[in-house]
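With mmCIF, C-alpha atoms and all ligand atoms inside, this is data-v8.cif:
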```
data_work
loop_
_atom_site.group_PDB
_atom_site.id
_atom_site.type_symbol
_atom_site.label_atom_id
_atom_site.label_comp_id
_atom_site.auth_asym_id
_atom_site.auth_seq_id
_atom_site.Cartn_x
_atom_site.Cartn_y
_atom_site.Cartn_z
ATOM 1 C CA MET R 126 -86.335 -206.956 18.368
ATOM 2 C CA LEU R 127 -83.229 -208.158 20.153
ATOM 3 C CA THR R 128 -83.140 -211.826 21.014
ATOM 4 C CA GLN R 129 -80.839 -214.117 22.904
ATOM 5 C CA LEU R 130 -80.430 -216.858 20.358
ATOM 6 C CA ALA R 131 -78.077 -219.336 21.938
ATOM 7 C CA LYS R 132 -80.785 -221.358 23.628
ATOM 8 C CA GLY R 133 -83.175 -221.547 20.684
ATOM 9 C CA LYS R 134 -84.140 -224.728 18.915
ATOM 10 C CA ARG R 135 -82.038 -225.608 15.900
ATOM 11 C CA ALA R 136 -83.861 -225.865 12.623
ATOM 12 C CA ALA R 137 -83.610 -229.440 11.429
ATOM 13 C CA ALA R 138 -84.892 -229.049 7.900
ATOM 14 C CA TYR R 139 -82.276 -229.636 5.214
ATOM 15 C CA ALA R 140 -83.818 -227.535 2.491
ATOM 16 C CA PRO R 141 -82.704 -224.163 3.908
ATOM 17 C CA VAL R 142 -79.216 -225.543 4.536
ATOM 18 C CA LEU R 143 -78.950 -226.724 0.944
ATOM 19 C CA ALA R 144 -80.251 -223.395 -0.245
ATOM 20 C CA VAL R 145 -77.639 -221.596 1.834
ATOM 21 C CA LEU R 146 -74.875 -223.863 0.551
ATOM 22 C CA ALA R 147 -76.009 -223.307 -3.023
ATOM 23 C CA LEU R 148 -76.058 -219.575 -2.436
ATOM 24 C CA LEU R 149 -72.637 -219.731 -0.844
ATOM 25 C CA TRP R 150 -71.255 -221.762 -3.723
ATOM 26 C CA LEU R 151 -72.787 -219.356 -6.227
ATOM 27 C CA GLY R 152 -71.436 -216.358 -4.333
ATOM 28 C CA GLN R 153 -67.951 -217.790 -4.243
ATOM 29 C CA ALA R 154 -68.107 -218.883 -7.859
ATOM 30 C CA LEU R 155 -68.936 -215.318 -8.766
ATOM 31 C CA GLY R 156 -66.313 -213.963 -6.403
ATOM 32 C CA GLN R 157 -68.979 -212.254 -4.329
ATOM 33 C CA ALA R 158 -69.822 -212.382 -0.668
ATOM 34 C CA ALA R 159 -73.178 -213.944 0.187
ATOM 35 C CA SER R 160 -75.741 -212.649 2.636
ATOM 36 C CA HIS R 161 -77.594 -214.587 5.286
ATOM 37 C CA THR R 162 -80.843 -213.928 7.082
ATOM 38 C CA ILE R 163 -80.671 -214.963 10.718
ATOM 39 C CA ARG R 164 -83.258 -217.529 11.748
ATOM 40 C CA LYS R 165 -84.530 -218.357 15.165
ATOM 41 C CA GLY R 166 -82.072 -220.499 17.112
ATOM 42 C CA GLU R 167 -79.020 -219.551 15.109
ATOM 43 C CA THR R 168 -75.892 -218.237 16.763
ATOM 44 C CA LEU R 169 -73.249 -216.171 15.082
ATOM 45 C CA GLY R 170 -70.794 -218.999 15.751
ATOM 46 C CA ALA R 171 -73.013 -221.554 14.026
ATOM 47 C CA ILE R 172 -73.539 -219.284 11.035
ATOM 48 C CA ALA R 173 -69.809 -218.609 10.792
ATOM 49 C CA LYS R 174 -69.062 -222.334 10.927
ATOM 50 C CA LYS R 175 -71.526 -222.971 8.144
ATOM 51 C CA TYR R 176 -69.588 -220.610 5.903
ATOM 52 C CA GLY R 177 -66.158 -221.785 6.997
ATOM 53 C CA ILE R 178 -65.168 -218.544 8.685
ATOM 54 C CA THR R 179 -64.707 -217.447 12.275
ATOM 55 C CA ALA R 180 -67.428 -215.849 14.389
ATOM 56 C CA SER R 181 -65.170 -212.871 15.095
ATOM 57 C CA ALA R 182 -64.536 -212.315 11.377
ATOM 58 C CA LEU R 183 -68.277 -212.464 10.768
ATOM 59 C CA ALA R 184 -68.977 -210.042 13.632
ATOM 60 C CA ALA R 185 -66.269 -207.631 12.466
ATOM 61 C CA HIS R 186 -67.493 -207.832 8.886
ATOM 62 C CA ASN R 187 -70.968 -206.744 9.957
ATOM 63 C CA GLY R 188 -69.983 -204.258 12.652
ATOM 64 C CA ILE R 189 -71.551 -206.437 15.360
ATOM 65 C CA SER R 190 -69.993 -205.542 18.696
ATOM 66 C CA ASN R 191 -71.825 -208.093 20.833
ATOM 67 C CA PRO R 192 -72.148 -211.475 19.054
ATOM 68 C CA ASN R 193 -74.813 -212.579 21.576
ATOM 69 C CA ARG R 194 -77.137 -209.834 20.471
ATOM 70 C CA ILE R 195 -78.331 -210.559 16.980
ATOM 71 C CA ASN R 196 -81.846 -210.298 15.613
ATOM 72 C CA VAL R 197 -84.006 -212.954 14.026
ATOM 73 C CA GLY R 198 -84.641 -211.779 10.483
ATOM 74 C CA GLN R 199 -81.513 -209.619 10.494
ATOM 75 C CA LYS R 200 -79.614 -209.837 7.228
ATOM 76 C CA ILE R 201 -75.865 -210.178 7.590
ATOM 77 C CA ASN R 202 -73.167 -210.236 4.953
ATOM 78 C CA ILE R 203 -70.920 -213.241 4.697
ATOM 79 C CA PRO R 204 -67.363 -212.340 3.757
ATOM 80 C CA ALA R 205 -65.731 -214.402 1.069
ATOM 81 C CA LYS R 206 -63.873 -217.318 2.649
ATOM 82 C CA SER R 207 -60.395 -216.055 3.381
ATOM 83 C CA VAL R 208 -57.573 -217.479 1.332
ATOM 84 C CA THR R 209 -53.929 -216.884 2.122
ATOM 85 C CA VAL R 210 -51.628 -216.234 -0.789
ATOM 86 C CA THR R 211 -48.005 -215.254 -1.263
ATOM 87 C CA HIS R 212 -47.169 -212.005 -2.996
ATOM 88 C CA THR R 213 -43.678 -211.201 -4.244
ATOM 89 C CA VAL R 214 -42.961 -207.471 -3.978
ATOM 90 C CA ARG R 215 -42.156 -205.831 -7.292
ATOM 91 C CA THR R 216 -40.365 -202.535 -7.853
ATOM 92 C CA GLY R 217 -42.804 -199.715 -7.284
ATOM 93 C CA ASP R 218 -45.220 -201.782 -5.152
ATOM 94 C CA THR R 219 -46.655 -199.946 -2.170
ATOM 95 C CA LEU R 220 -48.302 -201.661 0.760
ATOM 96 C CA SER R 221 -51.552 -199.807 0.113
ATOM 97 C CA ALA R 222 -51.596 -200.832 -3.563
ATOM 98 C CA ILE R 223 -50.964 -204.459 -2.567
ATOM 99 C CA ALA R 224 -53.678 -204.260 0.108
ATOM 100 C CA LYS R 225 -56.118 -202.893 -2.446
ATOM 101 C CA LYS R 226 -55.256 -205.611 -4.944
ATOM 102 C CA TYR R 227 -56.064 -208.371 -2.440
ATOM 103 C CA ASN R 228 -58.974 -206.542 -0.861
ATOM 104 C CA THR R 229 -57.350 -206.359 2.543
ATOM 105 C CA THR R 230 -55.824 -203.611 4.689
ATOM 106 C CA THR R 231 -52.255 -202.336 4.972
ATOM 107 C CA SER R 232 -52.346 -202.958 8.719
ATOM 108 C CA ALA R 233 -53.422 -206.606 8.230
ATOM 109 C CA ILE R 234 -50.503 -207.236 5.865
ATOM 110 C CA ALA R 235 -48.076 -205.374 8.123
ATOM 111 C CA ARG R 236 -49.250 -207.416 11.144
ATOM 112 C CA ALA R 237 -49.059 -210.756 9.345
ATOM 113 C CA ASN R 238 -45.557 -210.077 8.082
ATOM 114 C CA GLY R 239 -44.031 -208.186 11.002
ATOM 115 C CA ILE R 240 -43.578 -205.014 8.976
ATOM 116 C CA SER R 241 -42.994 -201.978 11.165
ATOM 117 C CA ASP R 242 -42.218 -199.464 8.416
ATOM 118 C CA PRO R 243 -44.498 -199.831 5.349
ATOM 119 C CA ARG R 244 -42.037 -197.787 3.280
ATOM 120 C CA LYS R 245 -39.327 -200.410 3.600
ATOM 121 C CA LEU R 246 -40.752 -202.935 1.146
ATOM 122 C CA LYS R 247 -37.991 -204.590 -0.847
ATOM 123 C CA PRO R 248 -38.473 -205.911 -4.368
ATOM 124 C CA GLY R 249 -38.296 -209.710 -4.217
ATOM 125 C CA GLN R 250 -39.588 -209.779 -0.616
ATOM 126 C CA THR R 251 -42.462 -212.250 -0.167
ATOM 127 C CA LEU R 252 -45.573 -211.372 1.816
ATOM 128 C CA LYS R 253 -48.224 -213.680 3.261
ATOM 129 C CA ILE R 254 -51.570 -212.103 2.505
ATOM 130 C CA THR R 255 -55.027 -213.188 3.603
ATOM 131 C CA LYS R 256 -57.324 -212.162 0.795
ATOM 132 C CA GLY R 257 -60.674 -210.568 1.278
ATOM 133 C CA THR R 258 -60.411 -209.588 4.922
ATOM 134 C CA ASN R 259 -61.546 -206.103 4.008
ATOM 135 C CA SER R 260 -64.507 -206.931 1.774
ATOM 136 C CA GLY R 261 -67.604 -204.987 2.552
ATOM 137 C CA SER R 262 -66.600 -203.991 6.046
ATOM 138 C CA LYS R 263 -67.796 -200.458 6.614
ATOM 139 C CA SER R 264 -65.722 -199.878 9.717
ATOM 140 C CA THR R 265 -62.322 -200.766 8.299
ATOM 141 C CA ARG R 266 -62.613 -200.027 4.611
ATOM 142 C CA PRO R 267 -60.668 -196.842 3.822
ATOM 143 C CA LYS R 268 -62.617 -194.115 2.101
ATOM 144 C CA PRO R 269 -62.161 -194.391 -1.631
ATOM 145 C CA ALA R 270 -59.641 -191.922 -2.950
ATOM 146 C CA TYR R 271 -61.910 -189.952 -5.192
ATOM 147 C CA ILE R 272 -61.108 -186.981 -7.412
ATOM 148 C CA PRO R 273 -63.940 -185.543 -9.515
ATOM 149 C CA ALA R 274 -63.458 -186.009 -13.276
ATOM 150 C CA ASP R 275 -63.108 -182.297 -14.116
ATOM 151 C CA THR R 276 -60.415 -181.840 -11.456
ATOM 152 C CA LEU R 277 -58.672 -185.022 -12.538
ATOM 153 C CA SER R 278 -58.490 -183.832 -16.126
ATOM 154 C CA LYS R 279 -56.848 -180.571 -14.951
ATOM 155 C CA ILE R 280 -54.293 -182.562 -12.941
ATOM 156 C CA ASN R 281 -53.623 -184.884 -15.873
ATOM 157 C CA ARG R 282 -53.565 -182.294 -18.671
ATOM 158 C CA PRO R 283 -50.065 -180.725 -18.475
ATOM 159 C CA ARG R 284 -47.197 -182.514 -20.166
ATOM 160 C CA ILE R 285 -44.529 -183.177 -17.571
ATOM 161 C CA ARG R 286 -40.861 -183.271 -18.456
ATOM 162 C CA ARG R 287 -39.185 -186.449 -17.196
ATOM 163 C CA GLY R 288 -37.590 -185.804 -13.793
ATOM 164 C CA ARG R 289 -39.167 -182.336 -13.650
ATOM 165 C CA TRP R 290 -40.311 -182.682 -10.006
ATOM 166 C CA LYS R 291 -38.307 -184.115 -7.097
ATOM 167 C CA HIS R 292 -40.464 -183.283 -4.082
ATOM 168 C CA ILE R 293 -44.073 -182.754 -3.064
ATOM 169 C CA VAL R 294 -44.342 -180.280 -0.186
ATOM 170 C CA ILE R 295 -47.408 -179.927 2.034
ATOM 171 C CA HIS R 296 -48.439 -176.628 3.669
ATOM 172 C CA HIS R 297 -51.313 -175.208 5.638
ATOM 173 C CA SER R 298 -52.627 -171.737 4.837
ATOM 174 C CA GLY R 299 -52.464 -170.760 8.527
ATOM 175 C CA ASP R 300 -55.982 -169.343 8.607
ATOM 176 C CA ASN R 301 -59.256 -171.273 8.687
ATOM 177 C CA THR R 302 -61.090 -168.624 6.635
ATOM 178 C CA ASN R 303 -58.748 -168.301 3.644
ATOM 179 C CA SER R 304 -60.283 -168.173 0.186
ATOM 180 C CA ILE R 305 -58.560 -168.903 -3.124
ATOM 181 C CA GLN R 306 -59.054 -165.294 -4.228
ATOM 182 C CA GLY R 307 -57.589 -164.015 -0.956
ATOM 183 C CA MET R 308 -54.525 -166.220 -1.228
ATOM 184 C CA GLU R 309 -54.030 -165.313 -4.874
ATOM 185 C CA HIS R 310 -54.306 -161.603 -4.015
ATOM 186 C CA TYR R 311 -51.851 -161.923 -1.124
ATOM 187 C CA HIS R 312 -49.211 -163.691 -3.209
ATOM 188 C CA ARG R 313 -49.579 -161.519 -6.316
ATOM 189 C CA ARG R 314 -50.188 -158.054 -4.825
ATOM 190 C CA VAL R 315 -48.734 -158.137 -1.314
ATOM 191 C CA ARG R 316 -45.829 -160.573 -1.781
ATOM 192 C CA ARG R 317 -45.330 -159.348 -5.348
ATOM 193 C CA MET R 318 -45.045 -162.775 -6.940
ATOM 194 C CA GLU R 319 -45.480 -162.269 -10.671
ATOM 195 C CA ASN R 320 -46.991 -165.746 -11.092
ATOM 196 C CA GLY R 321 -49.587 -165.273 -8.356
ATOM 197 C CA LEU R 322 -50.738 -168.118 -6.116
ATOM 198 C CA ALA R 323 -47.517 -169.664 -4.799
ATOM 199 C CA TYR R 324 -48.834 -173.245 -4.627
ATOM 200 C CA HIS R 325 -49.595 -175.641 -7.429
ATOM 201 C CA PHE R 326 -52.655 -176.964 -5.594
ATOM 202 C CA VAL R 327 -54.938 -175.834 -2.780
ATOM 203 C CA ILE R 328 -57.341 -178.136 -0.899
ATOM 204 C CA GLY R 329 -60.341 -176.355 0.608
ATOM 205 C CA ASN R 330 -61.773 -176.796 4.108
ATOM 206 C CA GLY R 331 -65.444 -175.952 3.640
ATOM 207 C CA VAL R 332 -65.335 -172.415 5.112
ATOM 208 C CA ASN R 333 -64.614 -170.099 2.183
ATOM 209 C CA THR R 334 -63.480 -172.938 -0.040
ATOM 210 C CA GLY R 335 -65.131 -176.281 -0.895
ATOM 211 C CA ASP R 336 -64.526 -178.948 1.736
ATOM 212 C CA GLY R 337 -61.925 -181.294 0.229
ATOM 213 C CA LYS R 338 -62.129 -179.510 -3.118
ATOM 214 C CA ILE R 339 -58.834 -179.591 -5.007
ATOM 215 C CA TYR R 340 -58.068 -176.275 -6.725
ATOM 216 C CA VAL R 341 -55.580 -176.702 -9.558
ATOM 217 C CA GLY R 342 -53.340 -173.627 -9.728
ATOM 218 C CA ASP R 343 -51.965 -171.835 -12.751
ATOM 219 C CA ARG R 344 -48.422 -172.905 -11.835
ATOM 220 C CA TRP R 345 -49.386 -176.543 -12.321
ATOM 221 C CA ARG R 346 -51.072 -175.817 -15.631
ATOM 222 C CA ARG R 347 -47.899 -174.060 -16.790
ATOM 223 C CA GLN R 348 -45.522 -176.528 -15.042
ATOM 224 C CA ILE R 349 -43.573 -173.638 -13.552
ATOM 225 C CA ARG R 350 -41.790 -173.366 -10.215
ATOM 226 C CA GLY R 351 -43.670 -172.676 -7.012
ATOM 227 C CA GLY R 352 -43.062 -169.911 -4.481
ATOM 228 C CA HIS R 353 -43.790 -171.870 -1.324
ATOM 229 C CA VAL R 354 -40.412 -172.701 0.243
ATOM 230 C CA ALA R 355 -37.546 -170.418 1.279
ATOM 231 C CA SER R 356 -35.182 -171.583 -1.448
ATOM 232 C CA THR R 357 -35.269 -170.785 -5.155
ATOM 233 C CA ALA R 358 -33.535 -174.071 -5.981
ATOM 234 C CA LEU R 359 -36.141 -176.055 -4.024
ATOM 235 C CA ASN R 360 -39.048 -174.083 -5.456
ATOM 236 C CA GLU R 361 -37.806 -175.039 -8.904
ATOM 237 C CA ILE R 362 -38.298 -178.789 -8.241
ATOM 238 C CA ALA R 363 -40.981 -178.943 -5.516
ATOM 239 C CA ILE R 364 -44.713 -179.224 -6.121
ATOM 240 C CA GLY R 365 -46.576 -177.188 -3.479
ATOM 241 C CA ILE R 366 -49.901 -178.334 -2.013
ATOM 242 C CA CYS R 367 -51.618 -176.080 0.523
ATOM 243 C CA LEU R 368 -54.501 -177.199 2.750
ATOM 244 C CA VAL R 369 -56.674 -174.328 3.903
ATOM 245 C CA GLY R 370 -56.735 -174.085 7.690
ATOM 246 C CA ASN R 371 -54.595 -173.604 10.752
ATOM 247 C CA PHE R 372 -53.458 -177.032 11.893
ATOM 248 C CA ASP R 373 -51.969 -175.719 15.104
ATOM 249 C CA GLN R 374 -55.595 -175.142 16.113
ATOM 250 C CA ARG R 375 -57.439 -178.009 14.457
ATOM 251 C CA VAL R 376 -56.890 -181.077 12.311
ATOM 252 C CA PRO R 377 -57.670 -181.144 8.578
ATOM 253 C CA THR R 378 -61.235 -182.185 7.693
ATOM 254 C CA SER R 379 -61.710 -185.814 6.680
ATOM 255 C CA LYS R 380 -62.453 -184.673 3.129
ATOM 256 C CA GLN R 381 -59.213 -182.685 3.059
ATOM 257 C CA ARG R 382 -57.343 -185.755 4.233
ATOM 258 C CA SER R 383 -58.809 -188.074 1.626
ATOM 259 C CA SER R 384 -58.333 -185.470 -1.132
ATOM 260 C CA LEU R 385 -54.706 -184.954 -0.106
ATOM 261 C CA LYS R 386 -54.066 -188.686 -0.146
ATOM 262 C CA ALA R 387 -55.692 -189.037 -3.564
ATOM 263 C CA LEU R 388 -53.895 -185.995 -4.982
ATOM 264 C CA VAL R 389 -50.489 -187.137 -3.740
ATOM 265 C CA ALA R 390 -51.080 -190.607 -5.205
ATOM 266 C CA ARG R 391 -52.051 -189.115 -8.574
ATOM 267 C CA LEU R 392 -49.106 -186.716 -8.610
ATOM 268 C CA ARG R 393 -46.640 -189.417 -7.617
ATOM 269 C CA ALA R 394 -47.961 -191.602 -10.432
ATOM 270 C CA ARG R 395 -47.455 -188.740 -12.873
ATOM 271 C CA THR R 396 -44.078 -187.474 -11.636
ATOM 272 C CA ASN R 397 -42.371 -190.518 -10.061
ATOM 273 C CA VAL R 398 -41.657 -188.515 -6.899
ATOM 274 C CA PRO R 399 -40.844 -191.207 -4.289
ATOM 275 C CA TYR R 400 -42.875 -191.564 -1.093
ATOM 276 C CA LYS R 401 -40.054 -190.254 1.099
ATOM 277 C CA GLU R 402 -39.935 -187.043 -0.935
ATOM 278 C CA VAL R 403 -43.503 -186.186 -0.008
ATOM 279 C CA ARG R 404 -42.599 -183.801 2.809
ATOM 280 C CA THR R 405 -44.066 -181.141 5.025
ATOM 281 C CA HIS R 406 -42.895 -177.560 4.669
ATOM 282 C CA ARG R 407 -41.362 -177.830 8.141
ATOM 283 C CA HIS R 408 -39.243 -180.825 7.186
ATOM 284 C CA ILE R 409 -37.894 -179.487 3.928
ATOM 285 C CA ASN R 410 -37.551 -175.752 4.547
ATOM 286 C CA PRO R 411 -34.026 -174.394 5.013
ATOM 287 C CA LYS R 412 -35.392 -171.959 7.641
ATOM 288 C CA PRO R 413 -37.458 -173.008 10.696
ATOM 289 C CA THR R 414 -41.213 -172.938 10.114
ATOM 290 C CA ALA R 415 -44.191 -174.363 11.998
ATOM 291 C CA CYS R 416 -46.077 -175.042 8.746
ATOM 292 C CA PRO R 417 -48.274 -177.119 8.395
ATOM 293 C CA GLY R 418 -48.986 -176.978 12.131
ATOM 294 C CA ARG R 419 -48.331 -179.423 14.937
ATOM 295 C CA ARG R 420 -51.693 -181.182 14.608
ATOM 296 C CA PHE R 421 -50.980 -182.158 11.011
ATOM 297 C CA ASN R 422 -49.732 -185.747 10.611
ATOM 298 C CA LEU R 423 -48.690 -186.321 7.020
ATOM 299 C CA ARG R 424 -47.741 -190.003 7.321
ATOM 300 C CA SER R 425 -50.980 -190.980 9.000
ATOM 301 C CA ILE R 426 -52.882 -189.333 6.153
ATOM 302 C CA LEU R 427 -50.814 -190.935 3.400
ATOM 303 C CA ASN R 428 -50.942 -194.371 5.049
ATOM 304 C CA SER R 429 -54.624 -194.296 6.004
HETATM 305 ZN ZN ZN A 501 -45.813 -173.736 4.366
#
```
Spell out the structure here as structure tokens.
Amino acid sequence: MLTQLAKGKRAAAYAPVLAVLALLWLGQALGQAASHTIRKGETLGAIAKKYGITASALAAHNGISNPNRINVGQKINIPAKSVTVTHTVRTGDTLSAIAKKYNTTTSAIARANGISDPRKLKPGQTLKITKGTNSGSKSTRPKPAYIPADTLSKINRPRIRRGRWKHIVIHHSGDNTNSIQGMEHYHRRVRRMENGLAYHFVIGNGVNTGDGKIYVGDRWRRQIRGGHVASTALNEIAIGICLVGNFDQRVPTSKQRSSLKALVARLRARTNVPYKEVRTHRHINPKPTACPGRRFNLRSILNS
């Protein structure tokens, strides 16, 4: 039932208020957000005030688009009271790692500190960060970067020589129906590459490959050069990741995007390839190429 609550009678009893305060205190003591069941006569503004937060933060936290339309008996989550802290950037810090640490978003930090390019963080730079603005919010929380354990162990298994890899290069397969076997056959038999599949990794699209599934290629297992760019010297030092699909026609699936982001993060952690050396085929290739398609936006995926 939807109710207009603004005109309702305020509950005067103290017991529920004390109970709420106790719950709030307990929740904060435990570092958890509390929940609140809306009673008759309560407005979102009044509830927010009770918990020391703003009505808009409360609405955003619960995905409520119209604060005047809340239901009696509806359970809402109370975000932890926001606290602003100062963070000093250390070497190797990324905005997304900092955001994760303080349970906020990269865009919130960028906005609060006037950062236009998240890559240009300088060690020693101080950032004002409002903690907890991202807790529990379904609409703004980025999808967790998740790699299944068996895949992760394949990515982590090879020993990597220090400085072995200098770039990570992203491709599309150019066809929405590609399979791993088909790509392997094409590279080994048709293109006559003795090491088969030219990429170190392939990320499926759900047609003839698993949607978002990361296939770990033999070249990664053996830590040998790829065959994915038009330069032997570059192939020697560039990890190749191919997303199945034609991104002139469509965008990558959301699972492909989150797998790519997770894979790149894992590979960068293992190889120390800097963010700016995660490139598309088009941007690194010595010859013109459309790969990975004009609808593919690498930075928006990596910064999501
Ligand atoms: Zn390519």
In Å to one decimal, how far is atom CA of R:His325 from atom CA of R:Ile364?
6.2 Å
Using the chain letters and numbers from the file, which residues does the PyMOL selection byres (((not hetatm)) within 12 of (chain A and resi 501)) grab, as a PyMOL selection string?
chain R and resi 293-300+323-324+327+351-355+360+364-372+404-418+421
Of the residues R:Leu392, R:Leu169, R:Ala274, R:Leu385, which is the one nearest to R:Asn202, using all atoms listed in the file?
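Under the stated criterion, the closest residue is R:Leu169.
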Write out as a compact mmCIF listing (two decimals) with C-alpha atoms, in the coordinates of the input the residues lying within 10 Å of R:Gly217, counting only C-alpha atoms and excluding same-chain residues fewer than 6 positions away.
```
# COMPACT_ATOMS: atom_id res chain seq x y z
CA LEU R 246 -40.75 -202.94 1.15
CA LYS R 247 -37.99 -204.59 -0.85
CA PRO R 248 -38.47 -205.91 -4.37
CA ASN R 397 -42.37 -190.52 -10.06
CA PRO R 399 -40.84 -191.21 -4.29
```
Could you expand the PyMOL selection byres (((chain R and resi 214) around 12) and not hetatm) into the explicit residues it covers here, written as a PyMOL selection string?
chain R and resi 211-213+215-220+222-224+245-254
So what does the PyMOL selection byres (((chain R and resi 276) around 12) and not hetatm) actually pick up in this one, as number ranges by chain?
R: 271-275, 277-282, 326-328, 337-342, 346, 384, 387-388, 391
Report, in Å with one decimal, the straight-line distance from atom CA of R:Gln306 to atom CA of R:Ala394.
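Computed distance, atom CA of R:Gln306 to atom CA of R:Ala394, equals 29.2 Å.
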Separation of atom CA of R:Asn196 from atom CA of R:Ile163, in Å and rounded to one decimal:
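For atom CA of R:Asn196 relative to atom CA of R:Ile163, the distance reads 6.9 Å.
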Using all atoms listed in the file, which protein or nucleic acid residues come within 10 Å of R:Arg313? Drop anything in the same chain fewer than 6 positions from it, and give the result as a ChimeraX atom specification.
/R:307,319-323
Ref. answer, residues at most 12 Å from (-52.3, -203.4, 11.2) with only C-alpha atoms, as a list in words:
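Applying the cut-off with only C-alpha atoms, one gets Leu220, Ser221, Ala224, Thr229, Thr230, Thr231, Ser232, Ala233, Ile234, Ala235, Arg236, Ala237, Asn238, Gly239, Ile240, Ser241, Asp242, Pro243, Thr258, Thr265, Asn428 and Ser429 of chain R.
Compared by their closest atoms to R:Thr396, and using only C-alpha atoms, the residues R:Ile362, R:Ala173, R:Met308, R:Ala205 rank with R:Ile362 nearest.
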Could you name the residues that touch R:Thr162 at 6 Å or less, counting only C-alpha atoms, but leaving out those on the same chain fewer than 4 positions away, as a PDB file with C-alpha atoms, in the frame of the given file?
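As written to disk, selection.pdb reads:
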```pdb
ATOM      1  CA  GLY R 198     -84.641-211.779  10.483  1.00  0.00           C
ATOM      2  CA  GLN R 199     -81.513-209.619  10.494  1.00  0.00           C
ATOM      3  CA  LYS R 200     -79.614-209.837   7.228  1.00  0.00           C
TER       4      LYS R 200
END
```
Rebuild N, CA, C and O atoms on stretch 191-203 of chain R, as a PDB file, in the frame of the given file?
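So rebuild.pdb came out as:
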```
ATOM      1  N   ASN R 191     -71.507-207.015  19.900  1.00  0.00           N
ATOM      2  CA  ASN R 191     -71.825-208.093  20.833  1.00  0.00           C
ATOM      3  C   ASN R 191     -72.448-209.268  20.077  1.00  0.00           C
ATOM      4  O   ASN R 191     -73.620-209.222  19.693  1.00  0.00           O
ATOM      5  N   PRO R 192     -71.667-210.346  19.860  1.00  0.00           N
ATOM      6  CA  PRO R 192     -72.148-211.475  19.054  1.00  0.00           C
ATOM      7  C   PRO R 192     -73.364-212.168  19.656  1.00  0.00           C
ATOM      8  O   PRO R 192     -74.054-212.919  18.978  1.00  0.00           O
ATOM      9  N   ASN R 193     -73.648-211.956  20.947  1.00  0.00           N
ATOM     10  CA  ASN R 193     -74.813-212.579  21.576  1.00  0.00           C
ATOM     11  C   ASN R 193     -76.097-211.822  21.283  1.00  0.00           C
ATOM     12  O   ASN R 193     -77.185-212.294  21.569  1.00  0.00           O
ATOM     13  N   ARG R 194     -75.952-210.628  20.751  1.00  0.00           N
ATOM     14  CA  ARG R 194     -77.137-209.834  20.471  1.00  0.00           C
ATOM     15  C   ARG R 194     -77.332-209.661  18.973  1.00  0.00           C
ATOM     16  O   ARG R 194     -76.878-208.699  18.379  1.00  0.00           O
ATOM     17  N   ILE R 195     -77.987-210.650  18.394  1.00  0.00           N
ATOM     18  CA  ILE R 195     -78.331-210.559  16.980  1.00  0.00           C
ATOM     19  C   ILE R 195     -79.825-210.773  16.849  1.00  0.00           C
ATOM     20  O   ILE R 195     -80.456-211.371  17.716  1.00  0.00           O
ATOM     21  N   ASN R 196     -80.393-210.258  15.774  1.00  0.00           N
ATOM     22  CA  ASN R 196     -81.846-210.298  15.613  1.00  0.00           C
ATOM     23  C   ASN R 196     -82.295-211.365  14.633  1.00  0.00           C
ATOM     24  O   ASN R 196     -81.691-211.518  13.571  1.00  0.00           O
ATOM     25  N   VAL R 197     -83.382-212.050  14.994  1.00  0.00           N
ATOM     26  CA  VAL R 197     -84.006-212.954  14.026  1.00  0.00           C
ATOM     27  C   VAL R 197     -84.498-212.096  12.868  1.00  0.00           C
ATOM     28  O   VAL R 197     -85.083-211.042  13.072  1.00  0.00           O
ATOM     29  N   GLY R 198     -84.223-212.548  11.661  1.00  0.00           N
ATOM     30  CA  GLY R 198     -84.641-211.779  10.483  1.00  0.00           C
ATOM     31  C   GLY R 198     -83.602-210.778  10.020  1.00  0.00           C
ATOM     32  O   GLY R 198     -83.709-210.221   8.927  1.00  0.00           O
ATOM     33  N   GLN R 199     -82.586-210.553  10.848  1.00  0.00           N
ATOM     34  CA  GLN R 199     -81.513-209.619  10.494  1.00  0.00           C
ATOM     35  C   GLN R 199     -80.691-210.208   9.342  1.00  0.00           C
ATOM     36  O   GLN R 199     -80.377-211.393   9.330  1.00  0.00           O
ATOM     37  N   LYS R 200     -80.392-209.378   8.380  1.00  0.00           N
ATOM     38  CA  LYS R 200     -79.614-209.837   7.228  1.00  0.00           C
ATOM     39  C   LYS R 200     -78.144-209.490   7.481  1.00  0.00           C
ATOM     40  O   LYS R 200     -77.828-208.347   7.792  1.00  0.00           O
ATOM     41  N   ILE R 201     -77.287-210.474   7.413  1.00  0.00           N
ATOM     42  CA  ILE R 201     -75.865-210.178   7.590  1.00  0.00           C
ATOM     43  C   ILE R 201     -75.109-210.592   6.336  1.00  0.00           C
ATOM     44  O   ILE R 201     -75.553-211.464   5.582  1.00  0.00           O
ATOM     45  N   ASN R 202     -73.985-209.925   6.121  1.00  0.00           N
ATOM     46  CA  ASN R 202     -73.167-210.236   4.953  1.00  0.00           C
ATOM     47  C   ASN R 202     -72.102-211.250   5.327  1.00  0.00           C
ATOM     48  O   ASN R 202     -71.483-211.147   6.383  1.00  0.00           O
ATOM     49  N   ILE R 203     -71.932-212.217   4.459  1.00  0.00           N
ATOM     50  CA  ILE R 203     -70.920-213.241   4.697  1.00  0.00           C
ATOM     51  C   ILE R 203     -69.682-212.888   3.869  1.00  0.00           C
ATOM     52  O   ILE R 203     -69.766-212.805   2.650  1.00  0.00           O
TER      53      ILE R 203
END
```
